[in-house]
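Have a look at structure-v3.cif; it's mmCIF, C-alpha atoms and all ligand atoms:
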```
data_input
#
loop_
_atom_site.label_atom_id
_atom_site.label_comp_id
_atom_site.auth_asym_id
_atom_site.auth_seq_id
_atom_site.Cartn_x
_atom_site.Cartn_y
_atom_site.Cartn_z
CA MET A 1 4.68 -33.14 4.12
CA GLY A 2 2.88 -32.76 7.42
CA ASN A 3 0.15 -35.01 8.67
CA TYR A 4 -2.38 -32.24 8.84
CA TYR A 5 -3.78 -32.28 5.34
CA GLN A 6 -7.08 -34.10 5.78
CA PRO A 7 -9.71 -33.04 3.24
CA GLU A 8 -12.34 -35.12 5.05
CA ILE A 9 -12.13 -32.63 7.93
CA GLU A 10 -13.60 -29.98 5.66
CA THR A 11 -16.87 -31.90 5.37
CA MET A 12 -16.96 -33.28 8.92
CA PRO A 13 -20.40 -33.10 10.63
CA VAL A 14 -20.55 -29.92 12.71
CA GLU A 15 -21.05 -31.75 16.01
CA GLN A 16 -17.92 -33.80 15.43
CA LEU A 17 -16.00 -30.70 14.32
CA GLN A 18 -16.95 -28.87 17.51
CA LYS A 19 -15.87 -31.84 19.59
CA LEU A 20 -12.49 -31.70 17.87
CA GLN A 21 -12.29 -27.95 18.51
CA SER A 22 -13.11 -28.44 22.18
CA GLU A 23 -10.39 -31.06 22.62
CA ARG A 24 -7.83 -28.90 20.89
CA LEU A 25 -8.89 -25.77 22.80
CA VAL A 26 -8.54 -27.44 26.21
CA GLU A 27 -5.08 -28.66 25.27
CA GLN A 28 -4.04 -25.30 23.79
CA VAL A 29 -5.17 -23.26 26.80
CA LYS A 30 -3.15 -25.49 29.11
CA PHE A 31 -0.19 -25.20 26.73
CA VAL A 32 -0.17 -21.38 26.63
CA TYR A 33 -0.79 -21.07 30.39
CA ASP A 34 2.21 -23.26 31.08
CA ASN A 35 4.50 -21.80 28.43
CA VAL A 36 3.70 -18.11 27.85
CA LYS A 37 4.11 -15.77 30.83
CA PHE A 38 1.93 -13.13 29.16
CA TYR A 39 -1.12 -15.45 29.00
CA HIS A 40 -0.41 -16.87 32.43
CA GLU A 41 -0.60 -13.39 33.93
CA LYS A 42 -3.59 -12.30 31.83
CA MET A 43 -5.58 -15.38 32.83
CA ASP A 44 -4.62 -14.96 36.49
CA GLU A 45 -5.74 -11.32 36.32
CA LYS A 46 -9.12 -12.48 35.04
CA GLY A 47 -9.28 -15.29 37.58
CA VAL A 48 -9.44 -18.02 34.90
CA LYS A 49 -7.55 -21.29 35.31
CA PRO A 50 -6.89 -23.75 32.46
CA GLU A 51 -9.22 -26.28 34.14
CA ASP A 52 -12.10 -23.78 33.83
CA ILE A 53 -11.97 -24.26 30.07
CA LYS A 54 -13.73 -27.54 29.34
CA GLY A 55 -14.74 -26.89 25.75
CA ILE A 56 -15.64 -24.21 23.20
CA GLU A 57 -18.63 -23.16 25.36
CA ASP A 58 -16.07 -21.74 27.84
CA LEU A 59 -14.13 -19.73 25.26
CA HIS A 60 -15.77 -16.47 26.35
CA LYS A 61 -14.11 -16.77 29.77
CA LEU A 62 -10.66 -16.16 28.29
CA PRO A 63 -9.12 -12.68 28.02
CA PHE A 64 -8.82 -10.94 24.64
CA ILE A 65 -5.51 -10.12 23.02
CA THR A 66 -5.06 -7.07 20.80
CA LYS A 67 -2.58 -5.84 18.24
CA ASP A 68 -1.18 -3.48 20.88
CA ASP A 69 -0.42 -6.50 23.07
CA LEU A 70 1.48 -8.06 20.17
CA ARG A 71 3.49 -4.88 19.71
CA ASP A 72 4.22 -4.64 23.43
CA GLN A 73 5.44 -8.24 23.49
CA TYR A 74 7.72 -7.75 20.46
CA PRO A 75 9.77 -9.71 19.64
CA TYR A 76 9.80 -12.79 21.91
CA GLY A 77 7.12 -12.15 24.52
CA LEU A 78 4.51 -14.49 23.04
CA LEU A 79 6.75 -17.40 22.06
CA GLY A 80 5.20 -20.71 23.10
CA VAL A 81 8.28 -22.82 22.37
CA PRO A 82 12.04 -22.29 22.70
CA LEU A 83 13.48 -20.25 19.85
CA SER A 84 15.47 -23.32 18.79
CA GLU A 85 12.15 -25.00 17.82
CA CYS A 86 11.23 -22.12 15.48
CA VAL A 87 12.15 -22.35 11.81
CA ARG A 88 10.66 -19.18 10.24
CA ILE A 89 9.39 -15.69 10.87
CA GLN A 90 6.98 -13.59 8.81
CA SER A 91 6.08 -10.02 9.55
CA THR A 92 3.44 -7.38 8.98
CA SER A 93 4.34 -4.29 7.00
CA GLY A 94 4.24 -2.12 10.10
CA THR A 95 2.69 0.83 8.28
CA THR A 96 0.62 1.84 11.30
CA GLY A 97 3.23 1.31 13.99
CA ARG A 98 5.69 -1.26 15.20
CA ARG A 99 5.89 -4.40 13.14
CA VAL A 100 4.39 -7.64 14.37
CA VAL A 101 6.77 -10.56 13.98
CA ALA A 102 5.15 -14.00 13.93
CA PHE A 103 7.15 -17.19 14.57
CA TYR A 104 6.52 -20.67 13.16
CA THR A 105 7.60 -24.17 14.06
CA GLN A 106 7.79 -26.66 11.19
CA ALA A 107 4.40 -28.02 12.29
CA ASP A 108 2.94 -24.46 12.22
CA LEU A 109 4.21 -24.04 8.66
CA ASP A 110 2.64 -27.38 7.72
CA VAL A 111 -0.74 -26.21 9.02
CA TRP A 112 -0.47 -22.89 7.18
CA GLU A 113 0.50 -24.53 3.89
CA ASP A 114 -2.29 -27.08 4.27
CA CYS A 115 -4.80 -24.28 4.67
CA CYS A 116 -3.46 -22.64 1.50
CA ALA A 117 -3.59 -26.01 -0.26
CA ARG A 118 -7.27 -26.30 0.68
CA ALA A 119 -7.86 -22.81 -0.75
CA ILE A 120 -6.22 -23.77 -4.05
CA MET A 121 -8.26 -26.99 -4.24
CA ALA A 122 -11.46 -25.06 -3.45
CA ALA A 123 -10.64 -22.89 -6.49
CA GLY A 124 -10.48 -26.06 -8.60
CA GLY A 125 -6.72 -26.62 -8.37
CA THR A 126 -5.20 -30.06 -8.99
CA LYS A 127 -1.69 -31.30 -9.72
CA GLU A 128 -2.32 -30.53 -13.39
CA ASP A 129 -2.44 -26.80 -12.66
CA VAL A 130 0.19 -24.12 -13.11
CA VAL A 131 -0.05 -21.71 -10.18
CA HIS A 132 1.25 -18.22 -10.84
CA VAL A 133 2.05 -16.53 -7.52
CA CYS A 134 2.61 -12.79 -7.82
CA TYR A 135 1.99 -11.88 -4.23
CA GLY A 136 5.13 -10.41 -2.67
CA TYR A 137 7.59 -12.90 -1.18
CA GLY A 138 9.85 -12.20 1.77
CA LEU A 139 8.40 -11.10 5.10
CA PHE A 140 4.91 -10.67 3.60
CA THR A 141 2.89 -13.89 4.00
CA GLY A 142 1.11 -13.79 0.61
CA GLY A 143 3.87 -15.24 -1.57
CA PRO A 144 5.29 -17.89 0.79
CA GLY A 145 1.80 -19.05 1.86
CA LEU A 146 0.29 -19.70 -1.57
CA ASN A 147 3.64 -21.01 -2.80
CA GLY A 148 3.67 -23.65 -0.03
CA GLY A 149 0.02 -24.52 -0.60
CA SER A 150 0.61 -24.93 -4.32
CA HIS A 151 3.48 -27.36 -3.66
CA ARG A 152 1.24 -29.43 -1.40
CA VAL A 153 -1.41 -29.78 -4.08
CA GLY A 154 1.38 -30.77 -6.48
CA CYS A 155 0.85 -27.90 -8.90
CA LEU A 156 3.67 -26.50 -10.99
CA THR A 157 4.44 -23.38 -8.96
CA LEU A 158 5.71 -20.14 -10.47
CA PRO A 159 7.23 -18.03 -7.65
CA MET A 160 6.94 -14.79 -9.63
CA SER A 161 6.63 -12.34 -6.73
CA SER A 162 5.20 -8.91 -7.48
CA GLY A 163 6.15 -6.38 -10.11
CA ASN A 164 7.52 -6.49 -13.65
CA THR A 165 4.20 -6.87 -15.45
CA GLU A 166 5.87 -7.58 -18.81
CA ARG A 167 7.64 -10.62 -17.37
CA GLN A 168 4.49 -11.78 -15.58
CA LEU A 169 2.58 -11.81 -18.87
CA GLN A 170 5.41 -13.48 -20.75
CA PHE A 171 5.57 -16.38 -18.26
CA MET A 172 1.79 -16.55 -18.08
CA GLU A 173 1.66 -17.02 -21.83
CA ASP A 174 4.73 -19.26 -22.28
CA LEU A 175 4.11 -21.57 -19.30
CA GLY A 176 0.33 -21.62 -19.50
CA SER A 177 -0.49 -20.39 -15.98
CA THR A 178 -3.97 -21.54 -14.97
CA ILE A 179 -4.38 -20.13 -11.43
CA LEU A 180 -3.35 -16.60 -10.52
CA CYS A 181 -2.62 -15.59 -6.91
CA CYS A 182 -2.14 -11.89 -6.13
CA THR A 183 -3.82 -8.82 -4.69
CA PRO A 184 -7.11 -7.90 -6.41
CA SER A 185 -5.70 -4.51 -7.41
CA TYR A 186 -2.80 -6.18 -9.19
CA ALA A 187 -5.17 -8.65 -10.86
CA ALA A 188 -7.16 -5.67 -12.16
CA ASN A 189 -3.92 -4.09 -13.33
CA LEU A 190 -2.91 -7.30 -15.18
CA GLY A 191 -6.40 -7.56 -16.68
CA GLU A 192 -6.15 -4.04 -17.99
CA THR A 193 -2.75 -4.70 -19.61
CA ILE A 194 -3.95 -8.00 -21.12
CA THR A 195 -6.92 -6.21 -22.68
CA GLU A 196 -4.72 -3.42 -24.04
CA LYS A 197 -2.22 -5.80 -25.58
CA GLY A 198 -4.96 -8.08 -26.95
CA LEU A 199 -3.47 -11.09 -25.12
CA LYS A 200 -6.69 -12.53 -23.72
CA ASP A 201 -6.76 -15.47 -26.18
CA LYS A 202 -3.19 -16.44 -25.35
CA ILE A 203 -3.78 -16.60 -21.59
CA LYS A 204 -5.00 -19.90 -20.12
CA LEU A 205 -6.01 -18.64 -16.68
CA LYS A 206 -9.18 -20.24 -15.27
CA ALA A 207 -9.18 -19.06 -11.66
CA GLY A 208 -7.66 -16.48 -9.38
CA ILE A 209 -7.19 -16.37 -5.60
CA PHE A 210 -7.13 -12.78 -4.46
CA GLY A 211 -6.71 -11.27 -1.02
CA ALA A 212 -4.61 -9.08 1.30
CA GLU A 213 -6.70 -5.99 0.61
CA PRO A 214 -10.41 -5.19 0.63
CA TRP A 215 -12.27 -5.48 -2.68
CA THR A 216 -15.85 -5.17 -3.75
CA GLU A 217 -18.23 -7.45 -5.69
CA GLU A 218 -18.11 -4.94 -8.55
CA MET A 219 -14.34 -5.32 -8.68
CA ARG A 220 -14.71 -9.10 -8.69
CA HIS A 221 -16.99 -8.96 -11.74
CA ASN A 222 -14.60 -6.62 -13.44
CA ILE A 223 -11.59 -8.94 -12.86
CA GLU A 224 -13.58 -12.04 -13.86
CA GLU A 225 -14.54 -10.40 -17.10
CA THR A 226 -11.17 -8.93 -18.12
CA LEU A 227 -9.19 -12.07 -17.20
CA GLY A 228 -11.88 -14.59 -18.21
CA ILE A 229 -11.63 -16.41 -14.87
CA LYS A 230 -13.53 -17.18 -11.70
CA ALA A 231 -12.20 -14.97 -8.90
CA TYR A 232 -12.02 -16.39 -5.36
CA ASP A 233 -11.53 -14.43 -2.18
CA ILE A 234 -9.03 -15.52 0.46
CA TYR A 235 -8.51 -14.14 3.95
CA GLY A 236 -5.80 -14.28 6.56
CA LEU A 237 -3.58 -12.31 8.86
CA THR A 238 0.12 -12.70 9.54
CA GLU A 239 -0.65 -12.84 13.25
CA ILE A 240 -2.95 -15.84 12.74
CA SER A 241 -0.64 -17.58 10.21
CA GLY A 242 -1.17 -15.85 6.86
CA PRO A 243 -3.57 -16.35 3.93
CA GLY A 244 -5.80 -19.41 4.11
CA VAL A 245 -7.44 -18.79 7.49
CA SER A 246 -10.58 -18.71 5.36
CA PHE A 247 -11.33 -18.87 1.65
CA GLU A 248 -14.16 -19.13 -0.84
CA CYS A 249 -15.49 -22.25 -2.50
CA GLU A 250 -17.26 -22.32 -5.88
CA GLU A 251 -20.39 -20.82 -4.29
CA GLN A 252 -18.53 -17.51 -3.78
CA ALA A 253 -20.84 -16.76 -0.88
CA GLY A 254 -18.59 -16.16 2.11
CA MET A 255 -15.27 -17.71 3.07
CA HIS A 256 -15.08 -21.05 4.91
CA ILE A 257 -12.98 -20.65 8.07
CA GLN A 258 -10.58 -23.54 8.71
CA GLU A 259 -12.24 -24.39 11.97
CA ASP A 260 -10.04 -27.34 12.83
CA HIS A 261 -7.28 -24.75 13.39
CA PHE A 262 -9.01 -21.45 14.11
CA ILE A 263 -12.12 -20.80 16.23
CA PRO A 264 -13.94 -17.61 15.20
CA GLU A 265 -16.17 -15.39 17.34
CA ILE A 266 -17.98 -12.16 16.54
CA ILE A 267 -18.06 -9.60 19.34
CA ASN A 268 -19.49 -6.18 19.97
CA PRO A 269 -16.31 -4.07 19.55
CA ASP A 270 -17.36 -1.67 22.28
CA THR A 271 -18.43 -4.10 25.00
CA GLY A 272 -16.61 -7.33 24.08
CA GLU A 273 -19.88 -9.24 24.31
CA VAL A 274 -20.14 -12.28 22.02
CA LEU A 275 -22.80 -11.75 19.34
CA PRO A 276 -25.07 -14.44 17.86
CA GLU A 277 -24.51 -15.92 14.40
CA GLY A 278 -25.51 -13.52 11.63
CA GLU A 279 -24.83 -10.29 13.51
CA VAL A 280 -22.11 -7.93 12.32
CA GLY A 281 -19.29 -7.26 14.76
CA GLU A 282 -15.56 -7.59 15.24
CA LEU A 283 -14.00 -10.88 14.19
CA VAL A 284 -11.96 -12.64 16.89
CA PHE A 285 -9.79 -15.75 16.38
CA THR A 286 -8.40 -18.38 18.72
CA CYS A 287 -5.68 -20.57 17.20
CA ILE A 288 -5.97 -24.11 18.52
CA THR A 289 -3.03 -25.82 16.82
CA LYS A 290 -0.32 -23.16 16.56
CA LYS A 291 2.57 -23.53 18.96
CA ALA A 292 5.32 -20.96 18.22
CA PHE A 293 3.06 -17.88 18.21
CA PRO A 294 -0.18 -19.01 19.83
CA LEU A 295 -3.05 -16.51 19.94
CA LEU A 296 -6.11 -16.74 22.16
CA ARG A 297 -9.12 -14.55 21.34
CA TYR A 298 -7.20 -12.23 19.05
CA ARG A 299 -9.17 -9.14 18.04
CA THR A 300 -8.67 -8.66 14.30
CA ARG A 301 -10.47 -5.29 14.04
CA ASP A 302 -12.20 -6.67 10.93
CA LEU A 303 -15.95 -6.24 10.91
CA CYS A 304 -18.05 -9.06 9.45
CA TYR A 305 -20.64 -11.72 10.27
CA LEU A 306 -20.62 -15.51 10.33
CA THR A 307 -23.06 -18.04 8.92
CA ARG A 308 -23.34 -21.77 9.34
CA LYS A 309 -26.00 -22.03 6.66
CA LYS A 310 -25.47 -25.20 4.64
CA CYS A 311 -23.16 -24.69 1.65
CA SER A 312 -23.71 -26.54 -1.60
CA CYS A 313 -19.99 -27.37 -1.85
CA GLY A 314 -20.37 -29.83 1.03
CA ARG A 315 -17.93 -28.08 3.36
CA THR A 316 -19.31 -27.80 6.87
CA HIS A 317 -16.90 -25.14 8.12
CA ILE A 318 -18.55 -21.88 9.10
CA ARG A 319 -18.41 -19.03 6.58
CA MET A 320 -17.41 -15.43 7.25
CA HIS A 321 -18.79 -12.70 5.08
CA LYS A 322 -16.17 -10.51 3.46
CA PRO A 323 -15.21 -7.89 6.06
CA THR A 324 -17.30 -4.78 5.49
CA GLY A 325 -14.47 -2.69 6.78
CA ARG A 326 -11.51 -2.63 9.02
CA SER A 327 -11.24 -0.17 11.81
CA ASP A 328 -7.74 0.62 10.46
CA ASP A 329 -9.11 1.45 7.00
CA MET A 330 -11.96 3.51 8.22
CA MET A 331 -11.49 7.24 7.94
CA VAL A 332 -13.47 9.80 9.84
CA VAL A 333 -14.05 12.63 7.39
CA LYS A 334 -16.24 15.58 8.28
CA GLY A 335 -17.30 13.57 11.31
CA VAL A 336 -18.60 10.68 9.20
CA ASN A 337 -17.20 7.13 9.01
CA VAL A 338 -15.94 6.50 5.47
CA TRP A 339 -14.57 3.21 4.12
CA PRO A 340 -12.67 3.26 0.83
CA SER A 341 -14.70 0.21 -0.23
CA GLN A 342 -17.87 2.34 -0.19
CA ILE A 343 -16.29 4.82 -2.57
CA GLU A 344 -15.03 2.04 -4.80
CA ALA A 345 -18.49 0.50 -5.01
CA VAL A 346 -19.95 3.79 -6.28
CA LEU A 347 -17.21 4.21 -8.90
CA LEU A 348 -17.48 0.67 -10.26
CA LYS A 349 -21.25 0.88 -10.39
CA GLN A 350 -20.86 3.87 -12.71
CA GLY A 351 -18.63 1.92 -15.08
CA PHE A 352 -15.23 3.07 -13.85
CA GLN A 353 -12.43 0.65 -13.04
CA ALA A 354 -10.60 0.44 -9.74
CA ASN A 355 -8.06 3.05 -10.75
CA TYR A 356 -8.72 5.72 -8.19
CA GLN A 357 -7.21 7.55 -5.26
CA ILE A 358 -8.77 9.28 -2.28
CA VAL A 359 -7.04 12.38 -0.95
CA VAL A 360 -8.08 13.64 2.46
CA ASP A 361 -6.79 16.93 3.78
CA ARG A 362 -7.68 19.60 6.30
CA LEU A 363 -8.10 23.30 5.57
CA GLY A 364 -8.28 25.17 8.86
CA ASN A 365 -10.74 23.10 10.86
CA ASN A 366 -12.52 21.63 7.87
CA ASP A 367 -11.80 18.28 6.29
CA THR A 368 -11.65 18.05 2.53
CA ILE A 369 -11.99 14.82 0.58
CA GLU A 370 -11.28 14.43 -3.10
CA VAL A 371 -11.68 11.31 -5.19
CA GLN A 372 -9.60 11.10 -8.33
CA VAL A 373 -10.66 8.46 -10.83
CA GLU A 374 -9.50 7.61 -14.31
CA LEU A 375 -11.72 7.50 -17.36
CA THR A 376 -11.71 4.02 -18.89
CA PRO A 377 -10.54 3.63 -22.50
CA GLU A 378 -14.14 2.60 -23.35
CA MET A 379 -15.47 5.89 -21.96
CA VAL A 380 -12.94 7.84 -23.99
CA ALA A 381 -13.91 5.91 -27.13
CA ALA A 382 -17.65 6.29 -26.54
CA ASN A 383 -17.29 10.01 -25.78
CA ASP A 384 -20.97 10.10 -24.80
CA LYS A 385 -20.62 12.24 -21.68
CA THR A 386 -18.46 15.19 -20.73
CA VAL A 387 -16.02 14.95 -17.83
CA ALA A 388 -18.13 17.50 -15.95
CA GLN A 389 -21.23 15.29 -16.39
CA ARG A 390 -19.39 12.24 -15.07
CA GLU A 391 -18.03 14.18 -12.11
CA LYS A 392 -21.51 15.38 -11.27
CA GLU A 393 -22.87 11.82 -11.35
CA ILE A 394 -20.12 10.53 -9.05
CA VAL A 395 -20.64 13.42 -6.62
CA ALA A 396 -24.34 12.51 -6.45
CA GLY A 397 -23.59 8.78 -6.01
CA LEU A 398 -21.11 9.47 -3.19
CA LYS A 399 -23.47 11.91 -1.52
CA SER A 400 -26.16 9.27 -1.35
CA MET A 401 -23.72 6.55 -0.17
CA LEU A 402 -21.81 8.59 2.43
CA GLY A 403 -24.06 11.51 3.22
CA ILE A 404 -21.28 14.05 2.67
CA LYS A 405 -20.11 16.15 -0.24
CA VAL A 406 -17.00 14.71 -1.88
CA ASP A 407 -14.97 16.57 -4.49
CA VAL A 408 -14.44 14.49 -7.61
CA LYS A 409 -11.85 14.81 -10.32
CA VAL A 410 -12.11 12.58 -13.38
CA VAL A 411 -8.69 12.24 -14.99
CA ASP A 412 -7.31 10.72 -18.19
CA PRO A 413 -6.59 6.98 -18.41
CA LYS A 414 -3.21 5.92 -16.97
CA THR A 415 -2.77 9.05 -14.86
CA ILE A 416 -2.92 7.36 -11.47
CA VAL A 417 0.14 5.33 -10.45
CA ARG A 418 -0.47 1.56 -10.65
CA SER A 419 0.32 -0.70 -7.74
CA GLU A 420 2.27 -3.94 -7.99
CA GLY A 421 1.29 -5.08 -4.54
CA LYS A 422 -1.16 -3.52 -2.16
CA ALA A 423 -2.72 -0.45 -3.75
CA VAL A 424 -2.38 2.91 -2.04
CA ARG A 425 -6.01 4.04 -2.15
CA VAL A 426 -5.95 6.70 0.49
CA VAL A 427 -3.60 9.61 0.92
CA ASP A 428 -4.43 11.25 4.23
CA LYS A 429 -2.55 14.51 4.55
CA ARG A 430 -4.08 15.48 7.87
CA ASN A 431 -1.37 13.80 9.98
CA LEU A 432 -3.92 12.98 12.65
CA TYR A 433 -1.74 10.39 14.29
CA GLN A 434 1.54 12.26 14.59
ZN ZN B 1 -18.81 -23.88 0.29
#
```
Go ahead and express the file in the form of structure tokens.
Amino acid sequence: MGNYYQPEIETMPVEQLQKLQSERLVEQVKFVYDNVKFYHEKMDEKGVKPEDIKGIEDLHKLPFITKDDLRDQYPYGLLGVPLSECVRIQSTSGTTGRRVVAFYTQADLDVWEDCCARAIMAAGGTKEDVVHVCYGYGLFTGGPGLNGGSHRVGCLTLPMSSGNTERQLQFMEDLGSTILCCTPSYAANLGETITEKGLKDKIKLKAGIFGAEPWTEEMRHNIEETLGIKAYDIYGLTEISGPGVSFECEEQAGMHIQEDHFIPEIINPDTGEVLPEGEVGELVFTCITKKAFPLLRYRTRDLCYLTRKKCSCGRTHIRMHKPTGRSDDMMVVKGVNVWPSQIEAVLLKQGFQANYQIVVDRLGNNDTIEVQVELTPEMVAANDKTVAQREKEIVAGLKSMLGIKVDVKVVDPKTIVRSEGKAVRVVDKRNLYQ
């Protein structure tokens, strides 16, 4: 066990918290300047010396770092300590380019697991709980992160990993899992199977911690209802450490950022200017305790806003609103910005479940976009509307949400392939990036 797990830090008065951040920032900036050539050169280029950073008020003087920088520095360019001090790597999936490999010292792992432990406790977890982790294990941070956090809380931990739904449900029933950790799309998938098999009474789940992909409020309600639980959001990035950078408390009104380890900023993505609290912009993080893979002012490309409004849970750490989109997820279709989450919101509002796929293609110079969505078993049973009627309603809903005409195809239940990890929502056949 590390020495980092200090629940009292979560309710520390803001002034005291910011003093702690300032101390850690000053120390961290000196550390990276002395130990990472990349930062040394970047700061020199900008004419900033470590002694210019006297506290969090000077954070804006530091240069940004982007995902491209991480890729350019692959694999060892950002190491803050000798490789012999590192005990673990994790990695991004690398679907949009070169993988990012993040390194951890034992102390870095302790911090990460503590953050996940806090997330589990915020979802009501205690040592009496049985935590069912069906995030993927391996290079992906979901499984190892929540697994480590669950150990720290003292919960019985089921390292299920993803896939094999039959076995998941068997263990859930036999071992009495109480907290489920997975992607929201897999939680919806499990909920659907539990309903079909009539297992709801045999499942003891009370809470779920879901992240690693965007999900809507409608999807949350849907999961809460089918699984009979309270569903909590969790946020993190491999580059920053993994899940647990921020998470929801019982208020479910934004995720508390673990500010004793990560300092957030919101910037205008075009100009880099820091925006005031409450304004939507790109989320930027500075890690103030991480040593193996230290990041200063890392641009996440997630768009959201921050609020320090008092939270009834007692935590003083700033909250981030669920990202409204990620520049990576955003598609430009027919010249309009489209986020899959917007389409999902329309579908769920009309009573569909999150079993859908978006296919984007190009015919000549014109983009085409088609949304395929499954009828729910309830819709089939009710038989109160024709497929054509439903399609027409969705087309109208999407037109008013996005301002463009989207083709819609309503298909039979169980037609669209289910995901066991991150769902593939978008199939873009235009090959714009090749
Ligand atoms: Zn709270």
Between CA of Glu217 (chain A) and CA of Ala122 (chain A), what is the distance in Å, rounded to a tenth?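 If I compute the distance from CA of Glu217 (chain A) to CA of Ala122 (chain A), I get 19.0 Å.
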Set the cut-off to 12 Å, count all atoms listed in the file, and list whatever residues fall near ligand ZN 1 (chain B) as a PDB file with C-alpha atoms, in the frame of the given file.
```
ATOM      1  CA  GLU A  10     -13.600 -29.980   5.660  1.00  0.00           C
ATOM      2  CA  THR A  11     -16.870 -31.900   5.370  1.00  0.00           C
ATOM      3  CA  ARG A 118      -7.270 -26.300   0.680  1.00  0.00           C
ATOM      4  CA  ALA A 119      -7.860 -22.810  -0.750  1.00  0.00           C
ATOM      5  CA  MET A 121      -8.260 -26.990  -4.240  1.00  0.00           C
ATOM      6  CA  ALA A 122     -11.460 -25.060  -3.450  1.00  0.00           C
ATOM      7  CA  ALA A 123     -10.640 -22.890  -6.490  1.00  0.00           C
ATOM      8  CA  TYR A 232     -12.020 -16.390  -5.360  1.00  0.00           C
ATOM      9  CA  SER A 246     -10.580 -18.710   5.360  1.00  0.00           C
ATOM     10  CA  PHE A 247     -11.330 -18.870   1.650  1.00  0.00           C
ATOM     11  CA  GLU A 248     -14.160 -19.130  -0.840  1.00  0.00           C
ATOM     12  CA  CYS A 249     -15.490 -22.250  -2.500  1.00  0.00           C
ATOM     13  CA  GLU A 250     -17.260 -22.320  -5.880  1.00  0.00           C
ATOM     14  CA  GLU A 251     -20.390 -20.820  -4.290  1.00  0.00           C
ATOM     15  CA  GLN A 252     -18.530 -17.510  -3.780  1.00  0.00           C
ATOM     16  CA  ALA A 253     -20.840 -16.760  -0.880  1.00  0.00           C
ATOM     17  CA  GLY A 254     -18.590 -16.160   2.110  1.00  0.00           C
ATOM     18  CA  MET A 255     -15.270 -17.710   3.070  1.00  0.00           C
ATOM     19  CA  HIS A 256     -15.080 -21.050   4.910  1.00  0.00           C
ATOM     20  CA  ILE A 257     -12.980 -20.650   8.070  1.00  0.00           C
ATOM     21  CA  GLN A 258     -10.580 -23.540   8.710  1.00  0.00           C
ATOM     22  CA  THR A 307     -23.060 -18.040   8.920  1.00  0.00           C
ATOM     23  CA  ARG A 308     -23.340 -21.770   9.340  1.00  0.00           C
ATOM     24  CA  LYS A 309     -26.000 -22.030   6.660  1.00  0.00           C
ATOM     25  CA  LYS A 310     -25.470 -25.200   4.640  1.00  0.00           C
ATOM     26  CA  CYS A 311     -23.160 -24.690   1.650  1.00  0.00           C
ATOM     27  CA  SER A 312     -23.710 -26.540  -1.600  1.00  0.00           C
ATOM     28  CA  CYS A 313     -19.990 -27.370  -1.850  1.00  0.00           C
ATOM     29  CA  GLY A 314     -20.370 -29.830   1.030  1.00  0.00           C
ATOM     30  CA  ARG A 315     -17.930 -28.080   3.360  1.00  0.00           C
ATOM     31  CA  THR A 316     -19.310 -27.800   6.870  1.00  0.00           C
ATOM     32  CA  HIS A 317     -16.900 -25.140   8.120  1.00  0.00           C
ATOM     33  CA  ILE A 318     -18.550 -21.880   9.100  1.00  0.00           C
ATOM     34  CA  ARG A 319     -18.410 -19.030   6.580  1.00  0.00           C
ATOM     35  CA  MET A 320     -17.410 -15.430   7.250  1.00  0.00           C
TER      36      MET A 320
END
```
Could you pull the residues within 8 Å of region 278-289 of chain A, counting all atoms listed in the file, minus those fewer than 6 positions along the same chain, as a short mmCIF file (atom, residue, chain, number, x, y, z; two decimals) with C-alpha atoms, in the frame of the given file?
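Dumped to part_25.cif:
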```
data_model
loop_
_atom_site.label_atom_id
_atom_site.label_comp_id
_atom_site.auth_asym_id
_atom_site.auth_seq_id
_atom_site.Cartn_x
_atom_site.Cartn_y
_atom_site.Cartn_z
CA GLN A 21 -12.29 -27.95 18.51
CA ARG A 24 -7.83 -28.90 20.89
CA LEU A 25 -8.89 -25.77 22.80
CA GLN A 28 -4.04 -25.30 23.79
CA ASP A 108 2.94 -24.46 12.22
CA ILE A 240 -2.95 -15.84 12.74
CA ASP A 260 -10.04 -27.34 12.83
CA HIS A 261 -7.28 -24.75 13.39
CA PHE A 262 -9.01 -21.45 14.11
CA ILE A 263 -12.12 -20.80 16.23
CA PRO A 264 -13.94 -17.61 15.20
CA GLU A 265 -16.17 -15.39 17.34
CA ILE A 266 -17.98 -12.16 16.54
CA ILE A 267 -18.06 -9.60 19.34
CA ASN A 268 -19.49 -6.18 19.97
CA PRO A 269 -16.31 -4.07 19.55
CA LEU A 295 -3.05 -16.51 19.94
CA LEU A 296 -6.11 -16.74 22.16
CA ARG A 297 -9.12 -14.55 21.34
CA TYR A 298 -7.20 -12.23 19.05
CA ARG A 299 -9.17 -9.14 18.04
CA THR A 300 -8.67 -8.66 14.30
CA ARG A 301 -10.47 -5.29 14.04
CA ASP A 302 -12.20 -6.67 10.93
CA LEU A 303 -15.95 -6.24 10.91
CA CYS A 304 -18.05 -9.06 9.45
CA TYR A 305 -20.64 -11.72 10.27
CA LEU A 306 -20.62 -15.51 10.33
CA THR A 307 -23.06 -18.04 8.92
#
```
Of A:Arg71, A:Gly136, A:Arg152, A:Asn355, the one nearest to Gln6 (chain A) when counting only C-alpha atoms is A:Arg152
Neighbours of Trp215 (chain A) within 10 Å (all atoms listed in the file; same-chain residues fewer than 2 positions away dropped), as a PyMOL selection string? chain A and resi 183-185+210-213+217-220+233+322-324+340-342+344-345+354
Here's a test: counting all atoms listed in the file, identify every protein, DNA and RNA residue with an atom at most 9 Å from (-1.2, -22.2, 7.5) in the file's coordinate frame, and state them as a VMD selection string. chain A and resid 108 to 117 145 149 240 to 245 261
Quick one: residues within 7 Å of (-13.6, 18.2, 1.6) (file frame), counting only C-alpha atoms, please, as a CSV table (one decimal) with C-alpha atoms, keeping the file's coordinate frame.
```csv
chain,number,residue,atom,x,y,z
A,367,ASP,CA,-11.8,18.3,6.3
A,368,THR,CA,-11.6,18.0,2.5
A,369,ILE,CA,-12.0,14.8,0.6
A,370,GLU,CA,-11.3,14.4,-3.1
A,406,VAL,CA,-17.0,14.7,-1.9
A,407,ASP,CA,-15.0,16.6,-4.5
```
